[in-house]
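Chemist: My structure is below; once you've seen it, I'll send some questions.
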Amino acid sequence: MQETSRPPRHPRERRRDRHNRHDWRDHAERWWPTDWQEEPAGGDWWQRHERLATHVHRWRGTWNGESLRRASGDRLAGGVAGGLARWRGFNPTTVRIVFVVAALFSRGWLIPLYFAAWLLVPVDDAEPAPSTPIPSSGTASPDSVTASPANPAVPDSVPSGPAGHGGIVGLGGPASIWNRARHDSRGITLAVGVASLFAVFMVLTTVLNIGLVEGYGWPQVVSVALLVLIWRNTSAGEQEALRRFVAPFGGLGPGGDRRATMLRIGLSCALFAAGIVSMLSAHESLAVLQPLGGFVLIMGAFVIFLGPWWLRIARDLVLERQARARAEERADMAARVHDSVLQTLALIQRRADDPAQVTQLARAQERELRSWLFEGRAPGSMPEVASLVAGVRQIQQDAEARHGVPVEVVTVGDCPLDDDLGALLEAAREAVVNAAKWSEAGVISLYAEVTAEDVEVVVRDRGRGFDPAAVPGDRKGMAESIHGRMGRHGGTVTVQTAVGEGTKVSLKMPRSAVRASS
Amino acid sequence: MSTTPRVVLVDDHGIFRSGVRAELGRAVDVVGEADDVEPAITLIGQVKPDVVLLDVHLPGGSGADVVSAVREQCPDVRFLALSASDAPEDVIGVIRAGARGYVTKTIGTDELLDAIRRVASGDAVFSHRLAGFVLDAFAASGGPDGPAAGQRVQPSFDPELDQLTTREREVLRLIAQGYTYKEIARELYISVKTVESHVSSVLRKLQLSSRHQLTRWATERRLA
């Protein structure tokens, strides 16, 4: 860091320096408490804000190495709740509900805080989910996040003022909207102006003594100011989202019917006014029903005024969820095809000179794809061997993978596995391995049939066969693994073979249910 | 058998068609190709081939549609289903529609030629997989001890159609284990002709048995 190695300078110079060099590196290096004390208490408010931003930055960095970012994909307004939820691992909906409840209890003070967070917390780099073919599953990669506070890639000069308005914030690294907004002097003026207008409105309502508006309304003066700043300085994408969000109010959205909108606004204003009048008149009159009537009218006004907006939000949410689901499905598909098919194709290309290998690879891939498409089993996943057929398929896969000999499997019927059938499968596996190793046959056929009484597995090859009498005693495979195993579990083994004739091993195991009942 | 069979290829993949055409070479006479249900029906009606090599899945329908549409006009045309699909319902569907055999696309050239000749001469061709399916299907709807014993069965007009004989079962079992007809004949001490007649008889039962279980079995099997 070159900044730290700089010779110390006069505080005032450094202050100016910081004022001019709008660089996150600069902020990131200053640890707040010393920095705070070292500055004169009456330092100008710009710097206070900078320090605040720095402070927020520090604080969020100390949790688990991952910084707080506004969610660009999962968002209703600014993505603060979504980002918070992701950051701490909560459910976004829960966070939103908690936020709304807390906003009510805090008499509206949480709302300006929300806007402040929107302003100060940078948005994550990730594209919104629907447009990404391969998911980063919503989270920005850890290194791009942790590296950000001191990221040398952050441009030295952030685009400043209204000139950068509508551009992309934080090229090459995350930056908060505030990073730009603080240079937007016209925006600040506008914000203050709008906020003061709102304040006038608040004063009016206070004079009119509308308690509810008074209690919840004042914090919104700050909200309005912050919102103006966000609006003016956010990235183009976010601005578009905001515009869509607000469009139904003024009928600005594409295809909006201006007359209908005017009618709607007019009607709701009339109802609102009627409601206010009704409420106000309740102070003087003794009619008990009047405040209620006024309340209903005001609610009606809100519903008419905000209804389309709520509908739009609901519809957008549904659409977005669908789009996300589709994107995830596509990404899942892409990932699977990549993991299996593309990998295999790459392998095949590399081993193009070895036809046997290529055949084996293609076969294994074909089987995997088949089991995925027709049986719904994820490629690469170890099928849970709970049934005879699954066990037989496992044998096939292992033999093909290990010995490179294709195994043709035919199964008739299926049943759950028990100890005896497990032994049968082990014996069958041994027979298949024997055939793969010794027979030199081009293909091994593996046949399993489940009947009411027993389960039969036949392992057959057209290989060179052997003379059973001539098998040396130390060939444990046949004797122990097959005969011994089957015998212990009450099964029978028949071996048909002759030199040059191939080998057929028939394994028969009575089903335990049948045995128990007889 | 002495004449080369006239063959039509029906498959929606052009590359696959040309591959098969190249593989079969001069052993058969490929008289036409089609890539969908409608063109296939028209073409078969025009050229009247001995054998149609038929893909089970076509863009405009299934192979079974082609078979059932053509069978009425040209009962002499024989179908050999050739497919990458191992889904039992596809296999059973096309066989029940009237195809004389089913082989998978991974079959070797010699075996395919053999299968075409066999179908051309009126025999049935069962791949080991199809044999497994048939055993499975008839076992599932079989005797009182069968897995589907609880389900009441609508008997066929001819009850014989609903069951396989012991011999037919043996033959199918050996086919499923990868035996050739010649090997089966030797194994069971019967002639190849007898093996063929057993297989044809199984095919007839498979096509004519009115048991709905066959279809249901195939559907369930796919879901399982």
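Simple scheme: letters A, B, ... for chains in structure tokens order, numbers from 1 for residues in each chain, numbers from 1 for ligands in the order shown.
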Taking only C-alpha atoms into account, which residues of chain A are within 12 Å of chain B, as a PyMOL selection string?

Modeler: chain A and resi 359+362-363+366-367+369-371+373-377+387+389-390+406-415+443-454+456-462+496+501-506+514

Chemist: Return the single residue from B:Val28, B:Val20, B:Ser200, B:Gln73 that is closest to Ile41 of chain B, with distances computed using only C-alpha atoms.

Modeler: B:Gln73

Chemist: Identify, on the basis of only C-alpha atoms, every residue whose closest approach to Pro59 of chain B does not exceed 8 Å; exclude the query and any residue fewer than 2 positions from it along the same chain; express the result as a PyMOL selection string.

Modeler: chain B and resi 12+36-37+57+61-62

Chemist: Would you export the selected residues with N, CA and C atoms as a tab-separated table (two decimals), in the first residue's frame, please?

Modeler:
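Here's the written file result.tsv:
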```
chain	number	residue	atom	x	y	z
B	12	ASP	N	-35.37	-40.12	-37.79
B	12	ASP	CA	-35.33	-38.67	-37.98
B	12	ASP	C	-33.90	-38.12	-38.00
B	36	ASP	N	-40.00	-39.03	-41.02
B	36	ASP	CA	-41.12	-38.74	-40.14
B	36	ASP	C	-42.28	-39.69	-40.45
B	37	VAL	N	-43.31	-39.62	-39.66
B	37	VAL	CA	-44.42	-40.57	-39.76
B	37	VAL	C	-45.08	-40.49	-41.14
B	57	HIS	N	-39.05	-43.50	-31.88
B	57	HIS	CA	-39.46	-42.10	-31.68
B	57	HIS	C	-39.27	-41.32	-32.97
B	61	GLY	N	-44.70	-38.33	-34.23
B	61	GLY	CA	-45.43	-39.42	-33.60
B	61	GLY	C	-44.50	-40.52	-33.18
B	62	SER	N	-44.99	-41.75	-33.19
B	62	SER	CA	-44.14	-42.86	-32.79
B	62	SER	C	-44.06	-43.86	-33.93
```

Chemist: List every residue of segment 70-151 of chain B that DSSP, applied to the backbone of this structure, assigns to strand (DSSP E or B), and report them as an NGL selection string.

Modeler: :B and (78-83 or 101-104 or 125-126)

Chemist: When you look at Arg488 of chain A with a cut-off of 12 Å (counting only C-alpha atoms), what residues show up, excluding the ones that are within fewer than 2 positions of it in the same chain? I need them as a list in words.

Modeler: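 In the requested format, the answer is Asp419, Asp420, Leu421, Ala423, Leu424, Ala427, Glu480, Ser481, Ile482, His483, Gly484, Arg485, Met486, Gly490, Gly491, Thr492, Val493 and Met509 of chain A.
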
Chemist: Can you list, as a ChimeraX atom specification, every protein, DNA or RNA residue that comes within 10 Å of segment 222-236 of chain A when you count only C-alpha atoms, leaving out same-chain residues fewer than 4 positions away?

Modeler: /A:78,108-120,123,160-162,164-170,176-199,217-218,240-243

Chemist: Using only C-alpha atoms, which residues sit within 7 Å of Thr4 of chain B once same-chain residues fewer than 2 positions away are excluded, as a PyMOL selection string?

Modeler: chain B and resi 2+6+27-29

Chemist: Write the residues you've just listed into a file as a short mmCIF file (atom, residue, chain, number, x, y, z; two decimals), in the first residue's frame, and include N, CA and C atoms for each of them.

Modeler:
```cif
data_model
loop_
_atom_site.label_atom_id
_atom_site.label_comp_id
_atom_site.auth_asym_id
_atom_site.auth_seq_id
_atom_site.Cartn_x
_atom_site.Cartn_y
_atom_site.Cartn_z
N SER B 2 -32.38 -65.94 -50.50
CA SER B 2 -31.27 -65.79 -51.44
C SER B 2 -31.23 -64.37 -52.00
N ARG B 6 -35.24 -55.88 -49.61
CA ARG B 6 -35.41 -54.46 -49.90
C ARG B 6 -35.82 -53.75 -48.61
N ALA B 27 -25.32 -55.74 -48.71
CA ALA B 27 -26.01 -56.93 -48.22
C ALA B 27 -27.52 -56.76 -48.31
N VAL B 28 -27.97 -55.53 -48.22
CA VAL B 28 -29.40 -55.28 -48.41
C VAL B 28 -29.55 -54.18 -49.46
N ASP B 29 -30.78 -54.05 -49.94
CA ASP B 29 -31.07 -53.06 -50.96
C ASP B 29 -31.91 -51.96 -50.31
#
```

Chemist: Excluding same-chain residues fewer than 3 positions from His198 of chain B, what lies within 9 Å of it counting only C-alpha atoms, as a PyMOL selection string?

Modeler: chain B and resi 167-168+171-172+193-195+201-203

Chemist: Those residues with C-alpha atoms, as a tab-separated table (two decimals), in the first residue's frame please?

Modeler:
```tsv
chain	number	residue	atom	x	y	z
B	167	ARG	CA	-40.43	-74.03	-23.30
B	168	GLU	CA	-41.07	-70.49	-24.48
B	171	VAL	CA	-36.05	-69.90	-24.86
B	172	LEU	CA	-36.66	-66.32	-23.80
B	193	LYS	CA	-36.43	-74.05	-36.55
B	194	THR	CA	-38.13	-75.00	-33.30
B	195	VAL	CA	-36.44	-72.12	-31.52
B	201	SER	CA	-45.27	-67.86	-30.93
B	202	VAL	CA	-44.14	-65.53	-28.14
B	203	LEU	CA	-44.39	-62.63	-30.55
```

Chemist: One decimal, in Å: what's the spacing between atom CA of Leu306 of chain A and atom CA of Gly266 of chain A?

Modeler: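 These two atoms are separated by 12.8 Å.
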
Chemist: Just how far from atom CA of Arg429 of chain A is atom CA of Ala498 of chain A, in Å to one decimal?

Modeler: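 If I compute the distance from atom CA of Ala498 of chain A to atom CA of Arg429 of chain A, I get 21.1 Å.
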
Chemist: What is the atom CA of Thr344 of chain A-atom CA of Gln360 of chain A distance in Å, reported with one decimal?

Modeler: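 Spanning atom CA of Thr344 of chain A to atom CA of Gln360 of chain A is a straight-line distance of 10.4 Å.
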
Chemist: Using DSSP on the backbone coordinates, identify the residues of segment 43-155 of chain B assigned to helix (DSSP H, G or I); present them as number ranges by chain.

Modeler: B: 43-47, 63-73, 88-97, 109-120, 128-140
